[in-house]
$ cat input-v4.tsv   # TSV, C-alpha atoms
chain	number	residue	atom	x	y	z
A	19	MET	CA	61.54	-9.20	27.49
A	20	ILE	CA	61.97	-5.42	27.35
A	21	ALA	CA	63.61	-5.65	23.92
A	22	GLU	CA	60.77	-7.84	22.61
A	23	LYS	CA	58.14	-5.38	23.82
A	24	CYS	CA	59.97	-2.42	22.29
A	25	LEU	CA	60.27	-4.09	18.88
A	26	LYS	CA	56.67	-5.29	18.53
A	27	PRO	CA	54.69	-3.46	15.84
A	28	THR	CA	52.09	-2.78	18.52
A	29	ASN	CA	54.58	-0.37	20.09
A	30	SER	CA	53.72	3.16	19.00
A	31	PHE	CA	57.38	4.13	18.64
A	32	VAL	CA	57.98	1.26	16.20
A	33	ARG	CA	54.93	2.33	14.19
A	34	PHE	CA	56.14	5.94	14.39
A	35	LEU	CA	59.50	4.84	12.96
A	36	LEU	CA	57.77	2.95	10.13
A	37	VAL	CA	55.77	6.05	9.28
A	38	GLY	CA	59.00	7.99	9.65
A	39	ILE	CA	60.61	5.91	6.93
A	40	ILE	CA	57.90	7.05	4.57
A	41	ASN	CA	58.12	10.65	5.83
A	42	THR	CA	61.89	10.60	5.52
A	43	CYS	CA	61.81	9.24	1.98
A	44	VAL	CA	59.35	11.93	0.97
A	45	GLY	CA	60.59	14.87	3.07
A	46	LEU	CA	64.36	14.35	2.96
A	47	SER	CA	64.28	13.66	-0.77
A	48	ALA	CA	62.48	16.96	-1.17
A	49	VAL	CA	65.01	18.74	1.09
A	50	PHE	CA	67.98	17.54	-0.94
A	51	LEU	CA	66.16	18.22	-4.21
A	52	PHE	CA	65.44	21.82	-3.20
A	53	LEU	CA	68.91	22.28	-1.71
A	54	ASN	CA	71.09	20.68	-4.37
A	55	ILE	CA	69.05	20.80	-7.60
A	56	PHE	CA	66.96	23.96	-7.26
A	57	GLY	CA	69.57	25.87	-5.23
A	58	PHE	CA	67.24	26.88	-2.38
A	59	ASN	CA	69.01	27.91	0.81
A	60	TYR	CA	69.29	25.69	3.91
A	61	TRP	CA	66.26	27.06	5.76
A	62	LEU	CA	63.91	27.13	2.77
A	63	SER	CA	64.97	23.63	1.69
A	64	THR	CA	64.56	22.06	5.13
A	65	PHE	CA	61.30	23.89	5.83
A	66	THR	CA	59.71	22.98	2.49
A	67	GLY	CA	60.85	19.35	2.57
A	68	ASN	CA	59.73	18.88	6.15
A	69	SER	CA	56.38	20.51	5.41
A	70	ILE	CA	55.76	17.98	2.66
A	71	GLY	CA	56.74	15.12	4.97
A	72	ALA	CA	54.61	16.58	7.77
A	73	ALA	CA	51.44	16.47	5.68
A	74	VAL	CA	51.97	12.74	5.10
A	75	SER	CA	52.93	12.31	8.75
A	76	PHE	CA	49.79	13.80	10.28
A	77	PHE	CA	47.40	11.40	8.59
A	78	LEU	CA	49.57	8.29	8.94
A	79	ASN	CA	50.37	8.97	12.59
A	80	ARG	CA	46.77	9.79	13.44
A	81	SER	CA	45.40	6.58	11.95
A	82	PHE	CA	48.27	4.05	12.07
A	83	THR	CA	50.73	5.07	14.76
A	84	PHE	CA	48.55	6.36	17.57
A	85	HIS	CA	45.10	5.05	16.48
A	86	SER	CA	43.80	8.42	17.55
A	87	SER	CA	40.30	9.74	17.33
A	88	VAL	CA	41.54	13.32	17.63
A	89	SER	CA	39.64	15.40	15.11
A	90	VAL	CA	41.53	16.90	12.20
A	91	LYS	CA	40.25	20.33	13.27
A	92	SER	CA	41.71	20.11	16.78
A	93	GLY	CA	44.73	17.95	15.89
A	94	ILE	CA	46.22	19.98	13.06
A	95	PRO	CA	46.97	23.17	15.08
A	96	LYS	CA	48.67	21.09	17.81
A	97	PHE	CA	50.49	19.05	15.17
A	98	ILE	CA	51.74	22.19	13.44
A	99	ALA	CA	52.92	23.65	16.78
A	100	VAL	CA	54.89	20.48	17.60
A	101	ILE	CA	56.34	20.31	14.08
A	102	LEU	CA	57.48	23.95	14.17
A	103	ILE	CA	59.02	23.72	17.64
A	104	CYS	CA	60.83	20.51	16.70
A	105	TYR	CA	61.89	21.90	13.34
A	106	PHE	CA	63.41	25.15	14.58
A	107	GLY	CA	64.96	23.50	17.63
A	108	ALA	CA	66.46	20.51	15.83
A	109	TYR	CA	67.77	22.31	12.77
A	110	SER	CA	69.16	25.26	14.77
A	111	ILE	CA	71.07	22.89	17.03
A	112	SER	CA	72.29	20.79	14.11
A	113	GLU	CA	73.42	23.84	12.15
A	114	ALA	CA	75.45	25.04	15.15
A	115	MET	CA	76.89	21.55	15.66
A	116	ALA	CA	77.83	21.24	11.97
A	117	ASN	CA	79.60	24.62	12.14
A	118	TYR	CA	81.53	23.48	15.20
A	119	LEU	CA	82.42	20.09	13.70
A	120	GLU	CA	83.56	21.60	10.43
A	121	ARG	CA	85.84	24.07	12.23
A	122	ASN	CA	87.25	21.66	14.80
A	123	ILE	CA	87.26	18.12	13.39
A	124	GLU	CA	89.01	17.58	10.09
A	125	ALA	CA	87.12	14.36	9.21
A	126	PHE	CA	83.84	16.28	9.06
A	127	GLN	CA	85.17	18.48	6.27
A	128	LEU	CA	84.53	15.62	3.82
A	129	LEU	CA	80.78	16.26	3.94
A	130	SER	CA	79.45	19.73	3.32
A	131	LYS	CA	78.52	21.59	6.47
A	132	THR	CA	74.97	22.10	5.22
A	133	ASN	CA	74.39	18.45	4.32
A	134	LEU	CA	75.82	17.39	7.70
A	135	ALA	CA	73.46	19.80	9.46
A	136	VAL	CA	70.49	18.38	7.51
A	137	LEU	CA	71.37	14.80	8.47
A	138	MET	CA	71.89	15.60	12.16
A	139	GLY	CA	68.77	17.76	12.26
A	140	THR	CA	66.73	14.88	10.88
A	141	GLY	CA	67.71	12.67	13.83
A	142	PHE	CA	67.03	15.33	16.45
A	143	TYR	CA	63.75	16.23	14.79
A	144	THR	CA	62.54	12.61	14.76
A	145	ILE	CA	63.03	12.06	18.48
A	146	ALA	CA	61.55	15.38	19.55
A	147	ASN	CA	58.64	15.03	17.13
A	148	TYR	CA	57.67	11.58	18.46
A	149	ALA	CA	57.58	12.84	22.03
A	150	GLY	CA	55.54	15.91	21.12
A	151	GLN	CA	53.03	13.99	19.06
A	152	LYS	CA	52.57	11.22	21.61
A	153	ILE	CA	52.26	13.55	24.61
A	154	PHE	CA	50.51	16.56	23.10
A	155	VAL	CA	48.86	15.91	19.73
A	156	PHE	CA	47.53	12.36	19.76
A	157	ARG	CA	47.26	11.78	23.51
A	158	GLN	CA	44.63	9.16	24.33

$ encode --input "input-v4.tsv" --output "C-alpha coordinates"
Amino acid sequence: MIAEKCLKPTNSFVRFLLVGIINTCVGLSAVFLFLNIFGFNYWLSTFTGNSIGAAVSFFLNRSFTFHSSVSVKSGIPKFIAVILICYFGAYSISEAMANYLERNIEAFQLLSKTNLAVLMGTGFYTIANYAGQKIFVFRQ
(Lines of atoms letter the chains of each structure in order from A and count residues from 1; the text may use other names and numbers.)
(Lines give C-alpha, C1' and ligand atoms only; values in the text may rest on other atoms or scores of the structure.)
Protein backbone atom coordinates (compact mmCIF):
# COMPACT_ATOMS: atom_id res chain seq x y z
CA MET A 1 0.00 0.00 0.00
CA ILE A 2 2.75 2.47 0.90
CA ALA A 3 4.72 1.56 -2.23
CA GLU A 4 1.63 2.03 -4.42
CA LYS A 5 0.96 5.47 -2.95
CA CYS A 6 4.58 6.55 -3.41
CA LEU A 7 4.65 5.49 -7.07
CA LYS A 8 1.38 7.10 -8.19
CA PRO A 9 1.84 10.06 -10.54
CA THR A 10 -0.34 12.03 -8.13
CA ASN A 11 2.57 11.93 -5.68
CA SER A 12 4.49 15.20 -5.91
CA PHE A 13 7.84 13.46 -5.53
CA VAL A 14 7.12 11.22 -8.54
CA ARG A 15 6.13 14.28 -10.58
CA PHE A 16 9.25 16.06 -9.29
CA LEU A 17 11.37 13.14 -10.51
CA LEU A 18 9.69 13.24 -13.93
CA VAL A 19 10.43 16.95 -14.20
CA GLY A 20 13.90 16.13 -12.92
CA ILE A 21 14.48 13.81 -15.86
CA ILE A 22 13.88 16.74 -18.17
CA ASN A 23 15.99 19.07 -15.99
CA THR A 24 18.77 16.50 -15.82
CA CYS A 25 18.81 15.95 -19.57
CA VAL A 26 19.01 19.68 -20.16
CA GLY A 27 21.20 20.75 -17.22
CA LEU A 28 23.63 17.83 -16.97
CA SER A 29 24.14 17.79 -20.73
CA ALA A 30 25.04 21.45 -20.49
CA VAL A 31 27.40 20.78 -17.53
CA PHE A 32 29.33 18.11 -19.41
CA LEU A 33 29.33 20.19 -22.60
CA PHE A 34 30.82 23.19 -20.79
CA LEU A 35 33.22 21.02 -18.79
CA ASN A 36 34.50 18.65 -21.47
CA ILE A 37 33.97 20.47 -24.79
CA PHE A 38 34.38 24.15 -23.92
CA GLY A 39 36.93 23.55 -21.13
CA PHE A 40 35.11 25.56 -18.45
CA ASN A 41 36.18 24.77 -14.89
CA TYR A 42 34.14 22.64 -12.47
CA TRP A 43 32.32 25.49 -10.74
CA LEU A 44 31.47 27.45 -13.89
CA SER A 45 30.31 24.30 -15.69
CA THR A 46 28.08 23.07 -12.86
CA PHE A 47 26.70 26.53 -12.14
CA THR A 48 25.87 27.31 -15.77
CA GLY A 49 24.36 23.89 -16.50
CA ASN A 50 22.29 23.92 -13.34
CA SER A 51 21.10 27.46 -14.06
CA ILE A 52 19.79 26.34 -17.42
CA GLY A 53 18.06 23.34 -15.84
CA ALA A 54 16.68 25.55 -13.05
CA ALA A 55 14.89 27.84 -15.48
CA VAL A 56 13.06 24.83 -16.94
CA SER A 57 12.50 23.47 -13.44
CA PHE A 58 10.76 26.52 -11.99
CA PHE A 59 7.96 26.58 -14.54
CA LEU A 60 7.46 22.81 -14.74
CA ASN A 61 7.48 22.38 -10.96
CA ARG A 62 5.17 25.33 -10.40
CA SER A 63 2.54 24.07 -12.84
CA PHE A 64 2.98 20.28 -13.02
CA THR A 65 4.68 19.07 -9.86
CA PHE A 66 3.16 21.18 -7.12
CA HIS A 67 0.13 22.68 -8.94
CA SER A 68 1.04 25.90 -7.21
CA SER A 69 -0.60 29.26 -7.52
CA VAL A 70 2.49 30.99 -6.15
CA SER A 71 3.12 34.06 -8.26
CA VAL A 72 6.23 34.18 -10.41
CA LYS A 73 7.18 37.43 -8.66
CA SER A 74 7.16 35.90 -5.17
CA GLY A 75 8.22 32.38 -6.20
CA ILE A 76 11.34 33.15 -8.18
CA PRO A 77 13.36 34.74 -5.32
CA LYS A 78 12.54 31.78 -3.03
CA PHE A 79 13.27 29.35 -5.85
CA ILE A 80 16.64 30.97 -6.53
CA ALA A 81 17.52 30.88 -2.80
CA VAL A 82 16.71 27.15 -2.59
CA ILE A 83 18.60 26.42 -5.81
CA LEU A 84 21.71 28.28 -4.64
CA ILE A 85 21.74 26.70 -1.18
CA CYS A 86 21.27 23.24 -2.67
CA TYR A 87 23.83 23.89 -5.40
CA PHE A 88 26.66 25.09 -3.17
CA GLY A 89 25.91 22.52 -0.48
CA ALA A 90 25.58 19.52 -2.78
CA TYR A 91 28.50 20.27 -5.07
CA SER A 92 30.83 21.26 -2.22
CA ILE A 93 30.10 18.00 -0.42
CA SER A 94 30.44 15.95 -3.61
CA GLU A 95 33.73 17.62 -4.54
CA ALA A 96 35.15 16.78 -1.10
CA MET A 97 33.84 13.22 -1.33
CA ALA A 98 35.32 12.75 -4.82
CA ASN A 99 38.70 13.99 -3.55
CA TYR A 100 38.54 11.53 -0.67
CA LEU A 101 37.43 8.62 -2.87
CA GLU A 102 40.11 9.29 -5.47
CA ARG A 103 42.84 9.35 -2.81
CA ASN A 104 41.63 6.37 -0.79
CA ILE A 105 39.78 3.93 -3.06
CA GLU A 106 41.59 2.71 -6.13
CA ALA A 107 38.42 1.74 -8.06
CA PHE A 108 37.30 5.38 -8.13
CA GLN A 109 40.41 6.38 -10.04
CA LEU A 110 38.80 4.99 -13.22
CA LEU A 111 36.46 7.98 -13.42
CA SER A 112 37.86 11.48 -13.29
CA LYS A 113 37.53 13.12 -9.91
CA THR A 114 35.62 16.04 -11.43
CA ASN A 115 33.12 13.87 -13.31
CA LEU A 116 32.57 11.76 -10.17
CA ALA A 117 31.92 14.94 -8.16
CA VAL A 118 29.40 16.12 -10.77
CA LEU A 119 27.50 12.82 -10.68
CA MET A 120 27.39 12.65 -6.87
CA GLY A 121 26.47 16.33 -6.62
CA THR A 122 23.54 15.77 -8.95
CA GLY A 123 22.05 13.18 -6.58
CA PHE A 124 22.54 15.29 -3.47
CA TYR A 125 21.18 18.35 -5.25
CA THR A 126 18.02 16.54 -6.38
CA ILE A 127 17.01 15.41 -2.89
CA ALA A 128 17.76 18.72 -1.20
CA ASN A 129 16.09 20.69 -3.98
CA TYR A 130 12.84 18.69 -3.73
CA ALA A 131 12.61 19.29 0.00
CA GLY A 132 13.33 23.01 -0.33
CA GLN A 133 10.85 23.53 -3.13
CA LYS A 134 8.06 21.55 -1.46
CA ILE A 135 8.51 23.14 1.98
CA PHE A 136 9.57 26.68 1.08
CA VAL A 137 8.87 27.69 -2.52
CA PHE A 138 5.64 26.00 -3.58
CA ARG A 139 4.06 25.36 -0.18
CA GLN A 140 0.28 25.15 -0.43

$ residues_around --input "input-v4.tsv" --residues "region 48-61 of chain A" --least-positions-apart "5" --cutoff "8 Å" --atoms "all atoms listed in the file" --output "list in words"
Thr66, Gly67, Asn68, Ile70 and Thr132 of chain A

$ atom_distance --input "input-v4.tsv" --atom1 "CA of Glu120 (chain A)" --atom2 "CA of Phe106 (chain A)"
20.9 Å

$ closest_atom_pairs --input "input-v4.tsv" --of "region 65-118 of chain A" --to "region 139-156 of chain A" --cutoff "10 Å" --atoms "all atoms listed in the file" --output "JSON lines"
{"residue": "A:Asn68", "atom": "CA", "partner": "A:Thr140", "partner_atom": "CA", "distance": 9.3}
{"residue": "A:Phe76", "atom": "CA", "partner": "A:Gln151", "partner_atom": "CA", "distance": 9.4}
{"residue": "A:Asn79", "atom": "CA", "partner": "A:Phe156", "partner_atom": "CA", "distance": 8.4}
{"residue": "A:Arg80", "atom": "CA", "partner": "A:Phe156", "partner_atom": "CA", "distance": 6.9}
{"residue": "A:Ser81", "atom": "CA", "partner": "A:Phe156", "partner_atom": "CA", "distance": 9.9}
{"residue": "A:Thr83", "atom": "CA", "partner": "A:Lys152", "partner_atom": "CA", "distance": 9.4}
{"residue": "A:Phe84", "atom": "CA", "partner": "A:Phe156", "partner_atom": "CA", "distance": 6.5}
{"residue": "A:His85", "atom": "CA", "partner": "A:Phe156", "partner_atom": "CA", "distance": 8.4}
{"residue": "A:Ser86", "atom": "CA", "partner": "A:Phe156", "partner_atom": "CA", "distance": 5.9}
{"residue": "A:Ser87", "atom": "CA", "partner": "A:Phe156", "partner_atom": "CA", "distance": 8.1}
{"residue": "A:Val88", "atom": "CA", "partner": "A:Phe156", "partner_atom": "CA", "distance": 6.4}
{"residue": "A:Ser89", "atom": "CA", "partner": "A:Phe156", "partner_atom": "CA", "distance": 9.6}
{"residue": "A:Ser92", "atom": "CA", "partner": "A:Val155", "partner_atom": "CA", "distance": 8.8}
{"residue": "A:Gly93", "atom": "CA", "partner": "A:Val155", "partner_atom": "CA", "distance": 6.0}
{"residue": "A:Ile94", "atom": "CA", "partner": "A:Val155", "partner_atom": "CA", "distance": 8.2}
{"residue": "A:Pro95", "atom": "CA", "partner": "A:Val155", "partner_atom": "CA", "distance": 8.8}
{"residue": "A:Lys96", "atom": "CA", "partner": "A:Val155", "partner_atom": "CA", "distance": 5.5}
{"residue": "A:Phe97", "atom": "CA", "partner": "A:Val155", "partner_atom": "CA", "distance": 5.8}
{"residue": "A:Ile98", "atom": "CA", "partner": "A:Val155", "partner_atom": "CA", "distance": 9.3}
{"residue": "A:Ala99", "atom": "CA", "partner": "A:Val155", "partner_atom": "CA", "distance": 9.2}
{"residue": "A:Val100", "atom": "CA", "partner": "A:Gly150", "partner_atom": "CA", "distance": 5.8}
{"residue": "A:Ile101", "atom": "CA", "partner": "A:Asn147", "partner_atom": "CA", "distance": 6.5}
{"residue": "A:Leu102", "atom": "CA", "partner": "A:Asn147", "partner_atom": "CA", "distance": 9.5}
{"residue": "A:Ile103", "atom": "CA", "partner": "A:Asn147", "partner_atom": "CA", "distance": 8.7}
{"residue": "A:Cys104", "atom": "CA", "partner": "A:Tyr143", "partner_atom": "CA", "distance": 5.5}
{"residue": "A:Tyr105", "atom": "CA", "partner": "A:Tyr143", "partner_atom": "CA", "distance": 6.1}
{"residue": "A:Phe106", "atom": "CA", "partner": "A:Tyr143", "partner_atom": "CA", "distance": 8.9}
{"residue": "A:Gly107", "atom": "CA", "partner": "A:Tyr143", "partner_atom": "CA", "distance": 7.9}
{"residue": "A:Ala108", "atom": "CA", "partner": "A:Gly139", "partner_atom": "CA", "distance": 5.1}
{"residue": "A:Tyr109", "atom": "CA", "partner": "A:Gly139", "partner_atom": "CA", "distance": 4.7}
{"residue": "A:Ser110", "atom": "CA", "partner": "A:Gly139", "partner_atom": "CA", "distance": 7.9}
{"residue": "A:Ile111", "atom": "CA", "partner": "A:Gly139", "partner_atom": "CA", "distance": 7.4}
{"residue": "A:Ser112", "atom": "CA", "partner": "A:Gly139", "partner_atom": "CA", "distance": 5.0}
{"residue": "A:Glu113", "atom": "CA", "partner": "A:Gly139", "partner_atom": "CA", "distance": 7.7}
{"residue": "A:Met115", "atom": "CA", "partner": "A:Gly139", "partner_atom": "CA", "distance": 9.6}
{"residue": "A:Ala116", "atom": "CA", "partner": "A:Gly139", "partner_atom": "CA", "distance": 9.7}

$ write_last_selection --input "input-v4.tsv" --atoms "C-alpha atoms" --output "PDB file, in the frame of the given file"
ATOM      1  CA  ASN A  68      59.730  18.880   6.150  1.00  0.00           C
ATOM      2  CA  PHE A  76      49.790  13.800  10.280  1.00  0.00           C
ATOM      3  CA  ASN A  79      50.370   8.970  12.590  1.00  0.00           C
ATOM      4  CA  ARG A  80      46.770   9.790  13.440  1.00  0.00           C
ATOM      5  CA  SER A  81      45.400   6.580  11.950  1.00  0.00           C
ATOM      6  CA  THR A  83      50.730   5.070  14.760  1.00  0.00           C
ATOM      7  CA  PHE A  84      48.550   6.360  17.570  1.00  0.00           C
ATOM      8  CA  HIS A  85      45.100   5.050  16.480  1.00  0.00           C
ATOM      9  CA  SER A  86      43.800   8.420  17.550  1.00  0.00           C
ATOM     10  CA  SER A  87      40.300   9.740  17.330  1.00  0.00           C
ATOM     11  CA  VAL A  88      41.540  13.320  17.630  1.00  0.00           C
ATOM     12  CA  SER A  89      39.640  15.400  15.110  1.00  0.00           C
ATOM     13  CA  SER A  92      41.710  20.110  16.780  1.00  0.00           C
ATOM     14  CA  GLY A  93      44.730  17.950  15.890  1.00  0.00           C
ATOM     15  CA  ILE A  94      46.220  19.980  13.060  1.00  0.00           C
ATOM     16  CA  PRO A  95      46.970  23.170  15.080  1.00  0.00           C
ATOM     17  CA  LYS A  96      48.670  21.090  17.810  1.00  0.00           C
ATOM     18  CA  PHE A  97      50.490  19.050  15.170  1.00  0.00           C
ATOM     19  CA  ILE A  98      51.740  22.190  13.440  1.00  0.00           C
ATOM     20  CA  ALA A  99      52.920  23.650  16.780  1.00  0.00           C
ATOM     21  CA  VAL A 100      54.890  20.480  17.600  1.00  0.00           C
ATOM     22  CA  ILE A 101      56.340  20.310  14.080  1.00  0.00           C
ATOM     23  CA  LEU A 102      57.480  23.950  14.170  1.00  0.00           C
ATOM     24  CA  ILE A 103      59.020  23.720  17.640  1.00  0.00           C
ATOM     25  CA  CYS A 104      60.830  20.510  16.700  1.00  0.00           C
ATOM     26  CA  TYR A 105      61.890  21.900  13.340  1.00  0.00           C
ATOM     27  CA  PHE A 106      63.410  25.150  14.580  1.00  0.00           C
ATOM     28  CA  GLY A 107      64.960  23.500  17.630  1.00  0.00           C
ATOM     29  CA  ALA A 108      66.460  20.510  15.830  1.00  0.00           C
ATOM     30  CA  TYR A 109      67.770  22.310  12.770  1.00  0.00           C
ATOM     31  CA  SER A 110      69.160  25.260  14.770  1.00  0.00           C
ATOM     32  CA  ILE A 111      71.070  22.890  17.030  1.00  0.00           C
ATOM     33  CA  SER A 112      72.290  20.790  14.110  1.00  0.00           C
ATOM     34  CA  GLU A 113      73.420  23.840  12.150  1.00  0.00           C
ATOM     35  CA  MET A 115      76.890  21.550  15.660  1.00  0.00           C
ATOM     36  CA  ALA A 116      77.830  21.240  11.970  1.00  0.00           C
TER      37      ALA A 116
END

$ atom_distance --input "input-v4.tsv" --atom1 "CA of Leu129 (chain A)" --atom2 "CA of Leu35 (chain A)"
25.8 Å

$ atom_distance --input "input-v4.tsv" --atom1 "CA of Arg157 (chain A)" --atom2 "CA of Lys91 (chain A)"
15.1 Å

$ axis_aligned_box --input "input-v4.tsv" --around "region 138-143 of chain A" --padding-each-side "8 Å" --output "lines of an AutoDock Vina configuration file"
center_x = 67.8
center_y = 15.2
center_z = 13.7
size_x = 24.1
size_y = 21.1
size_z = 21.6
